[in-house]
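A.B. asks: File name model.pdb; file contents PDB, C-alpha atoms; full text below.
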```
ATOM      1  CA  MET O 208      30.959   2.482   4.400
ATOM      2  CA  ARG O 209      29.980   1.709   0.807
ATOM      3  CA  LEU O 210      31.325  -1.453  -0.780
ATOM      4  CA  ALA O 211      31.257  -1.937  -4.538
ATOM      5  CA  THR O 212      32.523  -4.195  -7.285
ATOM      6  CA  PHE O 213      33.966  -2.475 -10.339
ATOM      7  CA  GLU O 214      35.604  -3.368 -13.627
ATOM      8  CA  ASP O 215      39.196  -2.204 -13.867
ATOM      9  CA  LYS O 216      41.106  -1.197 -17.011
ATOM     10  CA  SER O 217      42.152  -4.787 -17.678
ATOM     11  CA  GLY O 218      38.518  -5.940 -17.668
ATOM     12  CA  ALA O 219      38.844  -7.723 -14.305
ATOM     13  CA  PHE O 220      36.178  -7.323 -11.639
ATOM     14  CA  ARG O 221      37.586  -5.884  -8.399
ATOM     15  CA  PRO O 222      35.948  -5.351  -5.016
ATOM     16  CA  GLY O 223      36.482  -1.918  -3.570
ATOM     17  CA  VAL O 224      35.484   0.607  -0.939
ATOM     18  CA  ILE O 225      33.953   3.906  -2.042
ATOM     19  CA  ARG O 226      35.189   7.113  -0.496
ATOM     20  CA  ASP O 227      33.444  10.278  -1.650
ATOM     21  CA  ASP O 228      33.447  10.055  -5.463
ATOM     22  CA  ALA O 229      36.262   7.534  -5.797
ATOM     23  CA  VAL O 230      36.860   3.831  -5.222
ATOM     24  CA  VAL O 231      39.874   2.089  -3.699
ATOM     25  CA  ALA O 232      40.489  -1.554  -4.676
ATOM     26  CA  LEU O 233      40.513  -4.163  -1.914
ATOM     27  CA  ASP O 234      43.098  -6.938  -1.763
ATOM     28  CA  VAL O 235      40.605  -9.814  -1.821
ATOM     29  CA  PRO O 236      39.418 -11.939  -4.773
ATOM     30  CA  ASP O 237      35.791 -10.785  -4.672
ATOM     31  CA  MET O 238      33.185  -9.239  -2.394
ATOM     32  CA  ARG O 239      31.909 -12.552  -1.063
ATOM     33  CA  SER O 240      35.453 -13.387   0.065
ATOM     34  CA  LEU O 241      35.508 -10.131   2.017
ATOM     35  CA  PHE O 242      32.355 -11.075   3.929
ATOM     36  CA  GLU O 243      33.669 -14.601   4.483
ATOM     37  CA  MET O 244      36.530 -12.998   6.424
ATOM     38  CA  GLY O 245      33.980 -11.745   8.961
ATOM     39  CA  GLU O 246      34.747  -8.617  10.960
ATOM     40  CA  ALA O 247      38.362  -8.842   9.811
ATOM     41  CA  GLY O 248      37.177  -8.312   6.241
ATOM     42  CA  LEU O 249      35.163  -5.222   7.126
ATOM     43  CA  ASP O 250      38.083  -3.900   9.189
ATOM     44  CA  LEU O 251      40.324  -4.448   6.149
ATOM     45  CA  ALA O 252      37.953  -2.413   3.990
ATOM     46  CA  ARG O 253      37.894   0.435   6.521
ATOM     47  CA  ALA O 254      41.688   0.536   6.740
ATOM     48  CA  THR O 255      42.547   0.012   3.057
ATOM     49  CA  THR O 256      44.544   2.753   1.376
ATOM     50  CA  GLY O 257      45.918   2.976  -2.133
ATOM     51  CA  PRO O 258      45.315   4.590  -5.499
ATOM     52  CA  GLU O 259      41.860   6.069  -5.924
ATOM     53  CA  LEU O 260      39.899   5.683  -9.133
ATOM     54  CA  ALA O 261      37.173   8.205  -9.872
ATOM     55  CA  LEU O 262      33.739   6.595  -9.863
ATOM     56  CA  ALA O 263      32.970   8.389 -13.106
ATOM     57  CA  GLU O 264      35.837   6.489 -14.755
ATOM     58  CA  VAL O 265      34.944   2.951 -13.704
ATOM     59  CA  LYS O 266      32.044   0.641 -14.477
ATOM     60  CA  LEU O 267      30.200  -0.614 -11.424
ATOM     61  CA  GLU O 268      29.042  -4.224 -11.444
ATOM     62  CA  ALA O 269      26.669  -6.067  -9.121
ATOM     63  CA  PRO O 270      28.350  -5.517  -5.734
ATOM     64  CA  ILE O 271      28.196  -9.186  -4.733
ATOM     65  CA  ILE O 272      27.230 -12.562  -6.171
ATOM     66  CA  PRO O 273      25.903 -14.532  -3.210
ATOM     67  CA  LYS O 274      26.036 -18.247  -2.648
ATOM     68  CA  LYS O 275      22.313 -18.135  -1.864
ATOM     69  CA  PHE O 276      19.728 -15.451  -2.616
ATOM     70  CA  PHE O 277      16.773 -15.804  -0.228
ATOM     71  CA  HIS O 278      13.849 -14.206  -2.016
ATOM     72  CA  THR O 279      11.145 -13.337   0.526
ATOM     73  CA  ALA O 280       7.784 -11.762  -0.214
ATOM     74  CA  GLY O 281       4.517 -10.717   1.386
ATOM     75  CA  ASN O 282       6.165  -8.600   4.087
ATOM     76  CA  PHE O 283       4.633  -5.331   2.849
ATOM     77  CA  ARG O 284       0.917  -5.960   3.299
ATOM     78  CA  GLU O 285       0.148  -2.834   1.222
ATOM     79  CA  HIS O 286       1.250  -4.960  -1.756
ATOM     80  CA  GLU O 287      -1.415  -7.531  -0.889
ATOM     81  CA  GLU O 288      -4.087  -4.855  -0.473
ATOM     82  CA  GLU O 289      -3.436  -3.394  -3.923
ATOM     83  CA  SER O 290      -3.661  -6.886  -5.417
ATOM     84  CA  LYS O 291      -7.140  -7.313  -3.945
ATOM     85  CA  ARG O 292      -8.340  -4.052  -5.475
ATOM     86  CA  VAL O 293      -7.765  -5.386  -8.983
ATOM     87  CA  GLY O 294      -8.760  -8.993  -8.291
ATOM     88  CA  TRP O 295      -5.302 -10.519  -8.789
ATOM     89  CA  SER O 296      -5.610 -14.230  -9.457
ATOM     90  CA  HIS O 297      -3.856 -15.458  -6.297
ATOM     91  CA  GLU O 298      -3.402 -14.417  -2.678
ATOM     92  CA  ILE O 299      -0.134 -12.777  -1.692
ATOM     93  CA  ALA O 300       0.352 -14.620   1.569
ATOM     94  CA  PRO O 301       2.811 -13.554   4.259
ATOM     95  CA  TRP O 302       6.052 -15.505   4.742
ATOM     96  CA  ILE O 303       6.666 -16.398   1.100
ATOM     97  CA  VAL O 304      10.221 -17.531   0.341
ATOM     98  CA  PHE O 305      12.069 -19.110  -2.574
ATOM     99  CA  PHE O 306      15.587 -19.009  -3.974
ATOM    100  CA  GLN O 307      16.473 -16.539  -6.697
ATOM    101  CA  ASN O 308      18.673 -17.546  -9.653
ATOM    102  CA  VAL O 309      22.030 -15.922  -8.896
ATOM    103  CA  ASP O 310      23.035 -16.229 -12.568
ATOM    104  CA  ALA O 311      20.305 -13.679 -13.364
ATOM    105  CA  ILE O 312      22.022 -10.980 -11.269
ATOM    106  CA  ILE O 313      23.084  -7.812 -13.082
ATOM    107  CA  GLY O 314      24.550  -4.574 -11.785
ATOM    108  CA  PRO O 315      23.786  -0.863 -12.127
ATOM    109  CA  GLU O 316      23.281   0.450 -15.669
ATOM    110  CA  ALA O 317      23.243  -3.111 -17.056
ATOM    111  CA  PRO O 318      20.250  -3.729 -19.343
ATOM    112  CA  VAL O 319      17.268  -5.883 -18.499
ATOM    113  CA  VAL O 320      16.584  -7.866 -21.668
ATOM    114  CA  TYR O 321      12.908  -8.070 -22.634
ATOM    115  CA  PRO O 322      12.237 -11.688 -23.758
ATOM    116  CA  ASP O 323       9.147 -10.979 -25.849
ATOM    117  CA  HIS O 324       8.935 -14.646 -26.870
ATOM    118  CA  LEU O 325       8.237 -15.463 -23.211
ATOM    119  CA  THR O 326       6.232 -12.546 -21.810
ATOM    120  CA  SER O 327       4.205  -9.470 -22.699
ATOM    121  CA  GLU O 328       3.730  -8.324 -19.082
ATOM    122  CA  LEU O 329       7.120  -7.272 -17.742
ATOM    123  CA  ASP O 330       6.921  -5.613 -14.330
ATOM    124  CA  TYR O 331       9.198  -3.977 -11.742
ATOM    125  CA  GLU O 332       9.411  -4.467  -7.965
ATOM    126  CA  LEU O 333      11.519  -2.235  -5.740
ATOM    127  CA  GLU O 334      12.980  -4.053  -2.727
ATOM    128  CA  LEU O 335      15.371  -3.460   0.144
ATOM    129  CA  ALA O 336      17.755  -6.392   0.597
ATOM    130  CA  ILE O 337      20.195  -7.454   3.307
ATOM    131  CA  VAL O 338      23.684  -8.867   2.839
ATOM    132  CA  ILE O 339      24.405 -11.493   5.494
ATOM    133  CA  LYS O 340      27.680 -10.920   7.359
ATOM    134  CA  LYS O 341      28.438 -14.384   8.688
ATOM    135  CA  ALA O 342      27.361 -18.007   8.511
ATOM    136  CA  GLY O 343      24.702 -19.191  10.934
ATOM    137  CA  LYS O 344      21.419 -20.999  11.446
ATOM    138  CA  HIS O 345      18.616 -21.459  13.970
ATOM    139  CA  PHE O 346      18.726 -18.095  15.728
ATOM    140  CA  GLY O 347      16.098 -15.654  16.938
ATOM    141  CA  PRO O 348      15.335 -11.994  16.167
ATOM    142  CA  ASP O 349      17.433 -10.811  19.116
ATOM    143  CA  GLU O 350      20.535 -12.286  17.481
ATOM    144  CA  ALA O 351      19.660 -11.359  13.891
ATOM    145  CA  GLU O 352      21.253  -7.905  13.859
ATOM    146  CA  ASP O 353      24.647  -9.558  14.371
ATOM    147  CA  TYR O 354      24.168 -11.169  10.946
ATOM    148  CA  ILE O 355      23.507  -7.943   9.005
ATOM    149  CA  GLY O 356      26.552  -6.956   6.977
ATOM    150  CA  GLY O 357      24.902  -4.290   4.869
ATOM    151  CA  TYR O 358      21.990  -3.211   2.710
ATOM    152  CA  VAL O 359      21.562  -3.139  -1.052
ATOM    153  CA  ILE O 360      18.799  -2.275  -3.539
ATOM    154  CA  PHE O 361      17.107  -5.074  -5.477
ATOM    155  CA  ASN O 362      14.716  -4.726  -8.439
ATOM    156  CA  ASP O 363      12.632  -7.901  -8.631
ATOM    157  CA  VAL O 364      11.785  -7.867 -12.346
ATOM    158  CA  THR O 365       8.800 -10.169 -12.978
ATOM    159  CA  ALA O 366       6.958 -11.627 -15.963
ATOM    160  CA  ARG O 367       3.393 -11.421 -14.646
ATOM    161  CA  ASP O 368       1.761 -13.648 -17.269
ATOM    162  CA  ILE O 369       4.231 -16.417 -16.456
ATOM    163  CA  GLN O 370       3.684 -15.805 -12.748
ATOM    164  CA  ARG O 371      -0.083 -16.285 -12.973
ATOM    165  CA  ASP O 372       0.397 -19.688 -14.602
ATOM    166  CA  GLU O 373       3.038 -20.708 -12.070
ATOM    167  CA  MET O 374       0.885 -19.663  -9.120
ATOM    168  CA  LYS O 375      -1.778 -22.193 -10.102
ATOM    169  CA  SER O 376       0.513 -24.764  -8.512
ATOM    170  CA  GLY O 377       1.114 -22.581  -5.458
ATOM    171  CA  VAL O 378       4.751 -21.838  -6.302
ATOM    172  CA  PHE O 379       6.555 -19.452  -8.612
ATOM    173  CA  SER O 380      10.158 -18.839  -9.572
ATOM    174  CA  PHE O 381      10.730 -18.924 -13.351
ATOM    175  CA  CYS O 382       8.810 -15.648 -13.776
ATOM    176  CA  LYS O 383      11.423 -13.846 -11.660
ATOM    177  CA  ALA O 384      14.576 -15.803 -12.469
ATOM    178  CA  ILE O 385      14.999 -15.300 -16.230
ATOM    179  CA  ASP O 386      18.374 -13.976 -17.366
ATOM    180  CA  THR O 387      18.908 -10.272 -16.386
ATOM    181  CA  PHE O 388      15.764 -10.188 -14.205
ATOM    182  CA  CYS O 389      17.753  -9.552 -11.001
ATOM    183  CA  PRO O 390      19.301  -6.054 -10.874
ATOM    184  CA  VAL O 391      21.237  -5.498  -7.614
ATOM    185  CA  GLY O 392      23.279  -2.493  -6.497
ATOM    186  CA  PRO O 393      24.638   0.049  -6.867
ATOM    187  CA  TRP O 394      26.732  -0.847  -3.802
ATOM    188  CA  ILE O 395      26.422  -2.353  -0.322
ATOM    189  CA  VAL O 396      26.000   0.168   2.504
ATOM    190  CA  THR O 397      27.014  -0.968   5.981
ATOM    191  CA  PRO O 398      24.541  -0.661   8.878
ATOM    192  CA  ASP O 399      26.425   2.198  10.561
ATOM    193  CA  GLU O 400      25.663   4.451   7.571
ATOM    194  CA  VAL O 401      22.068   3.300   7.038
ATOM    195  CA  GLY O 402      20.905   3.670  10.622
ATOM    196  CA  ASP O 403      17.368   2.408  11.196
ATOM    197  CA  PRO O 404      16.476   0.250   8.157
ATOM    198  CA  HIS O 405      12.787   0.675   8.997
ATOM    199  CA  ASP O 406      13.002   4.433   8.392
ATOM    200  CA  LEU O 407      13.943   4.675   4.722
ATOM    201  CA  ALA O 408      12.024   6.394   1.928
ATOM    202  CA  MET O 409      11.636   4.121  -1.123
ATOM    203  CA  GLU O 410      10.802   5.112  -4.703
ATOM    204  CA  LEU O 411      10.903   3.432  -8.098
ATOM    205  CA  ARG O 412      10.660   5.568 -11.232
ATOM    206  CA  VAL O 413      10.169   4.588 -14.865
ATOM    207  CA  ASN O 414      11.378   7.240 -17.314
ATOM    208  CA  GLY O 415      11.439   9.689 -14.420
ATOM    209  CA  GLU O 416       7.802   9.031 -13.431
ATOM    210  CA  PRO O 417       7.277   7.773  -9.857
ATOM    211  CA  ARG O 418       5.600   4.355  -9.899
ATOM    212  CA  GLN O 419       6.302   2.943  -6.436
ATOM    213  CA  VAL O 420       6.490   5.427  -3.565
ATOM    214  CA  SER O 421       6.589   4.003  -0.057
ATOM    215  CA  HIS O 422       8.644   3.620   3.100
ATOM    216  CA  SER O 423      10.456   0.703   4.721
ATOM    217  CA  GLY O 424       8.436   1.378   7.876
ATOM    218  CA  GLN O 425       5.438  -0.065   6.042
ATOM    219  CA  MET O 426       6.755  -3.612   6.561
ATOM    220  CA  SER O 427       4.392  -5.653   8.701
ATOM    221  CA  VAL O 428       7.349  -7.485  10.285
ATOM    222  CA  THR O 429      10.852  -6.338  11.180
ATOM    223  CA  ILE O 430      14.044  -7.133   9.318
ATOM    224  CA  PRO O 431      15.447  -9.106  12.300
ATOM    225  CA  GLU O 432      12.233 -11.164  12.316
ATOM    226  CA  ILE O 433      12.604 -11.907   8.595
ATOM    227  CA  ILE O 434      16.251 -12.938   8.935
ATOM    228  CA  ALA O 435      15.562 -15.102  11.982
ATOM    229  CA  HIS O 436      12.484 -16.725  10.446
ATOM    230  CA  TYR O 437      14.451 -18.182   7.534
ATOM    231  CA  SER O 438      17.630 -18.966   9.478
ATOM    232  CA  ALA O 439      16.651 -22.637   9.696
ATOM    233  CA  MET O 440      17.767 -22.939   6.046
ATOM    234  CA  GLY O 441      21.254 -21.795   7.028
ATOM    235  CA  TYR O 442      23.067 -18.657   5.934
ATOM    236  CA  SER O 443      26.505 -18.282   4.405
ATOM    237  CA  ALA O 444      28.539 -15.088   4.612
ATOM    238  CA  GLY O 445      27.603 -12.879   1.671
ATOM    239  CA  ASP O 446      24.133 -14.333   1.142
ATOM    240  CA  ILE O 447      21.346 -11.912   0.192
ATOM    241  CA  VAL O 448      17.890 -11.774   1.785
ATOM    242  CA  SER O 449      15.241  -9.632   0.088
ATOM    243  CA  THR O 450      12.341  -8.126   2.031
ATOM    244  CA  GLY O 451       9.533  -7.954  -0.545
ATOM    245  CA  THR O 452       8.158  -5.145  -2.637
ATOM    246  CA  VAL O 453       5.953  -2.162  -1.874
ATOM    247  CA  SER O 454       2.730  -1.036  -3.535
ATOM    248  CA  GLY O 455       2.648   0.506  -7.003
ATOM    249  CA  VAL O 456       3.592  -2.360  -9.302
ATOM    250  CA  ALA O 457       2.182  -2.245 -12.828
ATOM    251  CA  ALA O 458       0.223  -5.500 -12.558
ATOM    252  CA  PHE O 459      -1.965  -4.219  -9.731
ATOM    253  CA  ARG O 460      -3.142  -1.075 -11.507
ATOM    254  CA  PRO O 461      -6.566  -1.008 -13.180
ATOM    255  CA  ASP O 462      -4.836   0.054 -16.405
ATOM    256  CA  ALA O 463      -1.906  -2.356 -16.023
ATOM    257  CA  ALA O 464      -1.284  -2.693 -19.749
ATOM    258  CA  ASP O 465      -0.258   0.976 -19.873
ATOM    259  CA  TYR O 466       2.363   0.482 -17.159
ATOM    260  CA  PHE O 467       4.139  -2.747 -18.046
ATOM    261  CA  LEU O 468       7.745  -2.234 -19.068
ATOM    262  CA  LYS O 469       8.833  -2.059 -22.686
ATOM    263  CA  PRO O 470      12.166  -1.705 -24.502
ATOM    264  CA  GLY O 471      13.455   1.827 -24.177
ATOM    265  CA  ASP O 472      12.207   2.287 -20.612
ATOM    266  CA  VAL O 473      14.645   3.210 -17.839
ATOM    267  CA  MET O 474      14.028   2.101 -14.258
ATOM    268  CA  GLU O 475      15.474   3.950 -11.272
ATOM    269  CA  CYS O 476      15.195   2.338  -7.841
ATOM    270  CA  GLU O 477      16.014   4.703  -4.993
ATOM    271  CA  ILE O 478      16.213   3.950  -1.292
ATOM    272  CA  GLU O 479      17.146   6.681   1.149
ATOM    273  CA  ARG O 480      20.720   6.525   2.493
ATOM    274  CA  ILE O 481      21.579   3.703   0.086
ATOM    275  CA  GLY O 482      21.473   5.190  -3.412
ATOM    276  CA  ILE O 483      19.953   4.738  -6.849
ATOM    277  CA  LEU O 484      19.977   1.547  -8.904
ATOM    278  CA  ARG O 485      19.391   2.423 -12.567
ATOM    279  CA  ASN O 486      18.731  -0.104 -15.358
ATOM    280  CA  PRO O 487      17.440   0.317 -18.916
ATOM    281  CA  VAL O 488      15.171  -2.177 -20.650
ATOM    282  CA  ILE O 489      16.272  -3.322 -24.098
ATOM    283  CA  SER O 490      14.799  -5.652 -26.694
ATOM    284  CA  TRP O 491      15.953  -9.200 -27.270
ATOM    285  CA  GLU O 492      17.155  -8.239 -30.743
ATOM    286  CA  GLN O 493      19.161  -5.314 -29.405
ATOM    287  CA  ALA O 494      20.828  -7.607 -26.855
ATOM    288  CA  HIS O 495      21.445 -10.604 -29.105
ATOM    289  CA  GLY O 496      21.573  -9.200 -32.612
ATOM    290  CA  ALA O 497      18.771 -11.453 -33.804
ATOM    291  CA  PRO O 498      14.993 -11.684 -33.344
ATOM    292  CA  ALA O 499      13.722 -13.572 -30.316
ATOM    293  CA  PRO O 500      13.086 -17.289 -30.799
ATOM    294  CA  LEU O 501       9.564 -18.350 -31.651
ATOM    295  CA  PRO O 502       7.457 -19.077 -28.539
ATOM    296  CA  ALA O 503       7.709 -22.677 -27.395
TER     297      ALA O 503
END
```
Go through the file and emit its structure as structure tokens.
C.D. replies:
Amino acid sequence: MRLATFEDKSGAFRPGVIRDDAVVALDVPDMRSLFEMGEAGLDLARATTGPELALAEVKLEAPIIPKKFFHTAGNFREHEEESKRVGWSHEIAPWIVFFQNVDAIIGPEAPVVYPDHLTSELDYELELAIVIKKAGKHFGPDEAEDYIGGYVIFNDVTARDIQRDEMKSGVFSFCKAIDTFCPVGPWIVTPDEVGDPHDLAMELRVNGEPRQVSHSGQMSVTIPEIIAHYSAMGYSAGDIVSTGTVSGVAAFRPDAADYFLKPGDVMECEIERIGILRNPVISWEQAHGAPAPLPA
């Protein structure tokens, strides 16, 4: 089952279930409310009938706005290895976690705004993310699968020059949490349709050119281990947990300057059996109708 949030003709955002090339609205306020209903919410989505709207005629939004977005990193060790090859300034240690800014979330086709007064090294990071099905804390990997409500694609857009400065203190967040830096979508796919989440081809393209090509089986830990490891912080239904990026980011190429994003670029994040999350990059002036502020 694919679950999406779309904008209806009145401009309201509606949660819905996708069937073939159409979407049927769900009778709940928003997607997080559906997950807060537990299994009853998912059963409601499976059983919902009503008028179908063609996907081509609606605008998809970010499928869910979570209460908490657990941003984990370092789980694909191939990402660490590529950083060593170019002498990246700081170690990419395993078991990195911080909270993402949920106000930075955007959906499919929404533009990432290039804040050229803040950064000149804008990068992409393809990630598989999990939507948590129910509230819980302090559980082990054997119980973790009961908490998986679905999977979604996440593009962890990052300002690398800001990140290097932040990492001097051992922490980073601002570099990844600037407005529009959190594309999520295009929909949530339930576990029954995804199958084994460790057997998914992953690819990120910029202007049609493959940049990150990998496989979810390259994770050095399992998804249940990741979910269980951070459960001490407590999950709410509808929370998102990312799993870290794969190799191929711009910053870890010898010729990084040629690969950083720029206005006019189009990113496509594709994960097998989930879909394609597409987002253009636009200039600050194009987004706001005025030049970017002078650097602070």
A.B. asks: Between O:Trp394, O:Tyr321, O:Phe381, O:Phe346, which residue has the minimum interatomic distance to Pro498 (chain O), considering only C-alpha atoms?
C.D. replies: O:Tyr321
A.B. asks: Sorted by chain and rising residue number, which residues of region 249-281 of chain O lie within 10 Å of region 427-438 of chain O, and what are their closest atom pairs and distances in Å to one decimal, counting only C-alpha atoms, as JSON lines?
C.D. replies:
```
{"residue": "O:Phe277", "atom": "CA", "partner": "O:Tyr437", "partner_atom": "CA", "distance": 8.4}
{"residue": "O:Thr279", "atom": "CA", "partner": "O:Ile433", "partner_atom": "CA", "distance": 8.3}
{"residue": "O:Gly281", "atom": "CA", "partner": "O:Ser427", "partner_atom": "CA", "distance": 8.9}
```
A.B. asks: Can you write out the residues you just picked, keeping C-alpha atoms, as a tab-separated table (two decimals), in the coordinates of the input?
C.D. replies:
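What ended up in out05.tsv:
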```tsv
chain	number	residue	atom	x	y	z
O	277	PHE	CA	16.77	-15.80	-0.23
O	279	THR	CA	11.14	-13.34	0.53
O	281	GLY	CA	4.52	-10.72	1.39
```
A.B. asks: Each residue of region 277-363 of chain O lying at most 10 Å from region 228-252 of chain O should get a row with its shortest atom-to-atom pair and the distance in Å to one decimal, counting only C-alpha atoms; could you produce that, ordered by chain and increasing number, as JSON lines?
C.D. replies:
```
{"residue": "O:Val338", "atom": "CA", "partner": "O:Phe242", "partner_atom": "CA", "distance": 9.0}
{"residue": "O:Ile339", "atom": "CA", "partner": "O:Phe242", "partner_atom": "CA", "distance": 8.1}
{"residue": "O:Lys340", "atom": "CA", "partner": "O:Phe242", "partner_atom": "CA", "distance": 5.8}
{"residue": "O:Lys341", "atom": "CA", "partner": "O:Gly245", "partner_atom": "CA", "distance": 6.1}
{"residue": "O:Ala342", "atom": "CA", "partner": "O:Glu243", "partner_atom": "CA", "distance": 8.2}
{"residue": "O:Gly356", "atom": "CA", "partner": "O:Phe242", "partner_atom": "CA", "distance": 7.7}
```
A.B. asks: Which one is closest to Phe361 (chain O): O:Leu329, O:Val391, O:Ile312, O:Ile478? Count all atoms listed in the file.
C.D. replies: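 That would be O:Val391, the residue with the smallest distance to Phe361 (chain O).
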A.B. asks: Figure out the distance between CA of Asp323 (chain O) and CA of Arg371 (chain O), please, to one decimal in Å.
C.D. replies: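 Computing the Euclidean distance for CA of Arg371 (chain O) and CA of Asp323 (chain O) yields 16.7 Å.
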A.B. asks: Set the distance at 6 Å and use all atoms listed in the file: which residues neighbour Ala439 (chain O) once local chain neighbours fewer than 2 positions away are removed? I'd like the list as a list in words.
C.D. replies: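 Listing them by chain and then by number gives Lys344, His345, Tyr437 and Gly441 of chain O.
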A.B. asks: Could you list, as a PDB file with C-alpha atoms, in the coordinates of the input, every residue matched by the PyMOL selection byres ((chain O and resi 313) around 10) in this structure?
C.D. replies:
```pdb
ATOM      1  CA  GLU O 268      29.042  -4.224 -11.444  1.00  0.00           C
ATOM      2  CA  ALA O 269      26.669  -6.067  -9.121  1.00  0.00           C
ATOM      3  CA  PRO O 270      28.350  -5.517  -5.734  1.00  0.00           C
ATOM      4  CA  ILE O 271      28.196  -9.186  -4.733  1.00  0.00           C
ATOM      5  CA  ILE O 272      27.230 -12.562  -6.171  1.00  0.00           C
ATOM      6  CA  VAL O 309      22.030 -15.922  -8.896  1.00  0.00           C
ATOM      7  CA  ASP O 310      23.035 -16.229 -12.568  1.00  0.00           C
ATOM      8  CA  ALA O 311      20.305 -13.679 -13.364  1.00  0.00           C
ATOM      9  CA  ILE O 312      22.022 -10.980 -11.269  1.00  0.00           C
ATOM     10  CA  GLY O 314      24.550  -4.574 -11.785  1.00  0.00           C
ATOM     11  CA  PRO O 315      23.786  -0.863 -12.127  1.00  0.00           C
ATOM     12  CA  GLU O 316      23.281   0.450 -15.669  1.00  0.00           C
ATOM     13  CA  ALA O 317      23.243  -3.111 -17.056  1.00  0.00           C
ATOM     14  CA  PRO O 318      20.250  -3.729 -19.343  1.00  0.00           C
ATOM     15  CA  VAL O 319      17.268  -5.883 -18.499  1.00  0.00           C
ATOM     16  CA  ASP O 386      18.374 -13.976 -17.366  1.00  0.00           C
ATOM     17  CA  THR O 387      18.908 -10.272 -16.386  1.00  0.00           C
ATOM     18  CA  PHE O 388      15.764 -10.188 -14.205  1.00  0.00           C
ATOM     19  CA  CYS O 389      17.753  -9.552 -11.001  1.00  0.00           C
ATOM     20  CA  PRO O 390      19.301  -6.054 -10.874  1.00  0.00           C
ATOM     21  CA  VAL O 391      21.237  -5.498  -7.614  1.00  0.00           C
ATOM     22  CA  GLY O 392      23.279  -2.493  -6.497  1.00  0.00           C
ATOM     23  CA  ASN O 486      18.731  -0.104 -15.358  1.00  0.00           C
TER      24      ASN O 486
END
```
A.B. asks: If I take CA of Ala336 (chain O) and CA of Glu475 (chain O), how far is one from the other in Å, to one decimal?
C.D. replies: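 Answer for the CA of Ala336 (chain O) to CA of Glu475 (chain O) separation: 15.9 Å.
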A.B. asks: So, counting only C-alpha atoms, which residue among O:Gly445, O:Pro393, O:Gly451, O:Pro470 is closest to Val413 (chain O)?
C.D. replies: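 Answer, going by the shortest atom-to-atom distance: O:Pro470.
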A.B. asks: What residues come out when you apply the PyMOL selection byres ((chain O and resi 482) around 12) to this file, written as a ChimeraX atom specification?
C.D. replies: /O:209,315,335,358-361,391-396,400-401,407-411,475-481,483-485
A.B. asks: Keeping C-alpha atoms, export the residues of the selection given above as a short mmCIF file (atom, residue, chain, number, x, y, z; two decimals), in the coordinates of the input.
C.D. replies:
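Final output, again_4.cif:
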```
data_model
loop_
_atom_site.label_atom_id
_atom_site.label_comp_id
_atom_site.auth_asym_id
_atom_site.auth_seq_id
_atom_site.Cartn_x
_atom_site.Cartn_y
_atom_site.Cartn_z
CA ARG O 209 29.98 1.71 0.81
CA PRO O 315 23.79 -0.86 -12.13
CA LEU O 335 15.37 -3.46 0.14
CA TYR O 358 21.99 -3.21 2.71
CA VAL O 359 21.56 -3.14 -1.05
CA ILE O 360 18.80 -2.28 -3.54
CA PHE O 361 17.11 -5.07 -5.48
CA VAL O 391 21.24 -5.50 -7.61
CA GLY O 392 23.28 -2.49 -6.50
CA PRO O 393 24.64 0.05 -6.87
CA TRP O 394 26.73 -0.85 -3.80
CA ILE O 395 26.42 -2.35 -0.32
CA VAL O 396 26.00 0.17 2.50
CA GLU O 400 25.66 4.45 7.57
CA VAL O 401 22.07 3.30 7.04
CA LEU O 407 13.94 4.68 4.72
CA ALA O 408 12.02 6.39 1.93
CA MET O 409 11.64 4.12 -1.12
CA GLU O 410 10.80 5.11 -4.70
CA LEU O 411 10.90 3.43 -8.10
CA GLU O 475 15.47 3.95 -11.27
CA CYS O 476 15.20 2.34 -7.84
CA GLU O 477 16.01 4.70 -4.99
CA ILE O 478 16.21 3.95 -1.29
CA GLU O 479 17.15 6.68 1.15
CA ARG O 480 20.72 6.52 2.49
CA ILE O 481 21.58 3.70 0.09
CA ILE O 483 19.95 4.74 -6.85
CA LEU O 484 19.98 1.55 -8.90
CA ARG O 485 19.39 2.42 -12.57
#
```
A.B. asks: Please compute the CA of Asp462 (chain O)-CA of Thr450 (chain O) distance, one decimal, in Å.
C.D. replies: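 One can read the CA of Asp462 (chain O) to CA of Thr450 (chain O) distance as 26.5 Å.
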A.B. asks: Nearest to Ala458 (chain O): which of O:Asp368, O:Glu373, O:Glu259, O:Asp227 is it, counting only C-alpha atoms?
C.D. replies: O:Asp368
A.B. asks: Calculated over all atoms listed in the file, which of the candidates O:Val224, O:Ala384, O:Ala463, O:Ala494 has the smallest distance to Ser327 (chain O)?
C.D. replies: O:Ala463
A.B. asks: Counting all atoms listed in the file, which of O:Ile337, O:Leu325, O:Ala280, O:Ile369 gets nearest to Val453 (chain O)?
C.D. replies: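 Checking each of O:Ile337, O:Leu325, O:Ala280, O:Ile369 against Val453 (chain O), counting all atoms listed in the file, the winner is O:Ala280.
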A.B. asks: Go ahead and fit an axis-aligned box to every listed atom of region 476-483 of chain O plus 3 Å each side, and pass me the centre and edge lengths in Å, one decimal, as AutoDock Vina command-line options.
C.D. replies:
```
--center_x 18.4 --center_y 4.5 --center_z -2.7 --size_x 12.4 --size_y 10.3 --size_z 16.3
```
A.B. asks: The PyMOL selection byres ((chain O and resi 366) around 7) - which residues does that actually catch in the file I just gave you? List them as an NGL selection string.
C.D. replies: :O and (326 or 328-330 or 365 or 367-370 or 382-383)
A.B. asks: Hey, can you spit out that residue selection with C-alpha atoms as a short mmCIF file (atom, residue, chain, number, x, y, z; two decimals), in the coordinates of the input?
C.D. replies:
```
data_model
loop_
_atom_site.label_atom_id
_atom_site.label_comp_id
_atom_site.auth_asym_id
_atom_site.auth_seq_id
_atom_site.Cartn_x
_atom_site.Cartn_y
_atom_site.Cartn_z
CA THR O 326 6.23 -12.55 -21.81
CA GLU O 328 3.73 -8.32 -19.08
CA LEU O 329 7.12 -7.27 -17.74
CA ASP O 330 6.92 -5.61 -14.33
CA THR O 365 8.80 -10.17 -12.98
CA ARG O 367 3.39 -11.42 -14.65
CA ASP O 368 1.76 -13.65 -17.27
CA ILE O 369 4.23 -16.42 -16.46
CA GLN O 370 3.68 -15.80 -12.75
CA CYS O 382 8.81 -15.65 -13.78
CA LYS O 383 11.42 -13.85 -11.66
#
```
